[in-house]
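Participant: Take a look at this one; I'll ask things after.
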Amino acid sequence: QVQLVESGGGLVQAGGSLRLSCAASRTIFSLNAMGWYRQAPGKQRELVATIRSGGTTNYAASVKGRFTISRDNGKNTLDLQMNSLKPEDTAVYYCNAQTTYQVYWGQGTQVTVSS
């Protein structure tokens with residue numbers, strides 16, 4: 001079992017920055033992958049960025065070059081640095097962790113970008 005707790009969401013103006021953090025309840029070293037997903041009102045949950053245990057990253061085209069995902073195996077945390085935010089980035093952001101057999105989700109944190 002892995003409990004995930006997100007923090008760092010809030011309200012920011014377009015062009016601004018936010019840093020999301022996800023704290024895991026146990027070591028993340030052995031997790032296959034971790035990631036950030038988001039869900040806007042009336043839309044399906046979508047991938048934002050993922051990072052595998054070896055450090056390989058993957059980004060949605062809409063955030064590439066603006067967002068950076070990172071993981072700290074010593075602190076058991078996953079971060080998402082979001083720069084040049086746009087109103088269309090407004091959503092609930094969820095932390096995700098995957099083992100070989102299970103997928104875990106955090107409760108989500110709201111990010112609102114005003115124009």
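Chain labels A, B, ... are given in the sequence in which chains occur in the structure tokens; within each chain residues are numbered consecutively from 1, and ligands are likewise numbered from 1 in the order shown.
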Which residues of segment 39-98 of chain A come within 12 Å of segment 1-21 of chain A, and for each one, what is the closest pair of atoms and their distance in Å to one decimal, counting only C-alpha atoms, sorted by chain and residue number, as a Markdown table?

Facilitator:
```
| residue | atom | partner | partner_atom | distance |
| --- | --- | --- | --- | --- |
| A:Arg66 | CA | A:Ser17 | CA | 9.5 |
| A:Phe67 | CA | A:Arg19 | CA | 9.4 |
| A:Thr68 | CA | A:Arg19 | CA | 9.4 |
| A:Ile69 | CA | A:Leu20 | CA | 9.5 |
| A:Ser70 | CA | A:Ser21 | CA | 9.6 |
| A:Arg71 | CA | A:Ser21 | CA | 9.5 |
| A:Asp72 | CA | A:Ser21 | CA | 10.6 |
| A:Lys75 | CA | A:Ser21 | CA | 11.3 |
| A:Asn76 | CA | A:Leu4 | CA | 10.0 |
| A:Thr77 | CA | A:Ser21 | CA | 6.8 |
| A:Leu78 | CA | A:Ser21 | CA | 5.7 |
| A:Asp79 | CA | A:Ser21 | CA | 4.4 |
| A:Leu80 | CA | A:Leu20 | CA | 5.0 |
| A:Gln81 | CA | A:Arg19 | CA | 4.5 |
| A:Met82 | CA | A:Leu18 | CA | 5.2 |
| A:Asn83 | CA | A:Ser17 | CA | 4.4 |
| A:Ser84 | CA | A:Gly15 | CA | 4.2 |
| A:Leu85 | CA | A:Gly15 | CA | 4.9 |
| A:Lys86 | CA | A:Ala14 | CA | 5.0 |
| A:Pro87 | CA | A:Ala14 | CA | 6.3 |
| A:Glu88 | CA | A:Ala14 | CA | 9.5 |
| A:Asp89 | CA | A:Ala14 | CA | 9.4 |
| A:Thr90 | CA | A:Leu11 | CA | 9.2 |
| A:Ala91 | CA | A:Gly9 | CA | 9.8 |
| A:Val92 | CA | A:Gly9 | CA | 8.6 |
| A:Tyr93 | CA | A:Gly9 | CA | 8.1 |
| A:Tyr94 | CA | A:Glu6 | CA | 7.3 |
| A:Cys95 | CA | A:Glu6 | CA | 6.6 |
| A:Asn96 | CA | A:Leu4 | CA | 7.7 |
| A:Ala97 | CA | A:Val2 | CA | 7.9 |
| A:Gln98 | CA | A:Val2 | CA | 9.5 |
```

Participant: Running DSSP on the backbone, which parts of chain A land in strand (DSSP E), as a PyMOL selection string?

Facilitator: chain A and resi 4-7+10-13+18-24+33-39+46-52+57-59+67-72+77-82+91-98+103-105+109-114

Participant: Of the residues A:Gly74, A:Thr100, A:Tyr59, A:Phe29, which is the one nearest to Glu46 of chain A, using only C-alpha atoms?

Facilitator: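 Nearest to Glu46 of chain A: A:Tyr59.
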
Participant: Which residue is closest to Ala33 of chain A? Choose from A:Ser114, A:Thr109, A:Thr99, A:Asn73 and count only C-alpha atoms.

Facilitator: A:Thr99

Participant: Separation of atom CA of Ser53 of chain A and atom CA of Ser25 of chain A, in Å?

Facilitator: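 Taking atom CA of Ser53 of chain A and atom CA of Ser25 of chain A, their separation equals 16.9 Å.
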
Participant: Looking at A:Thr50, A:Ser115, A:Gln44, A:Thr27, which one is nearest to Lys64 of chain A, with distances taken over only C-alpha atoms?

Facilitator: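 Closest to Lys64 of chain A, using only C-alpha atoms: A:Thr50.
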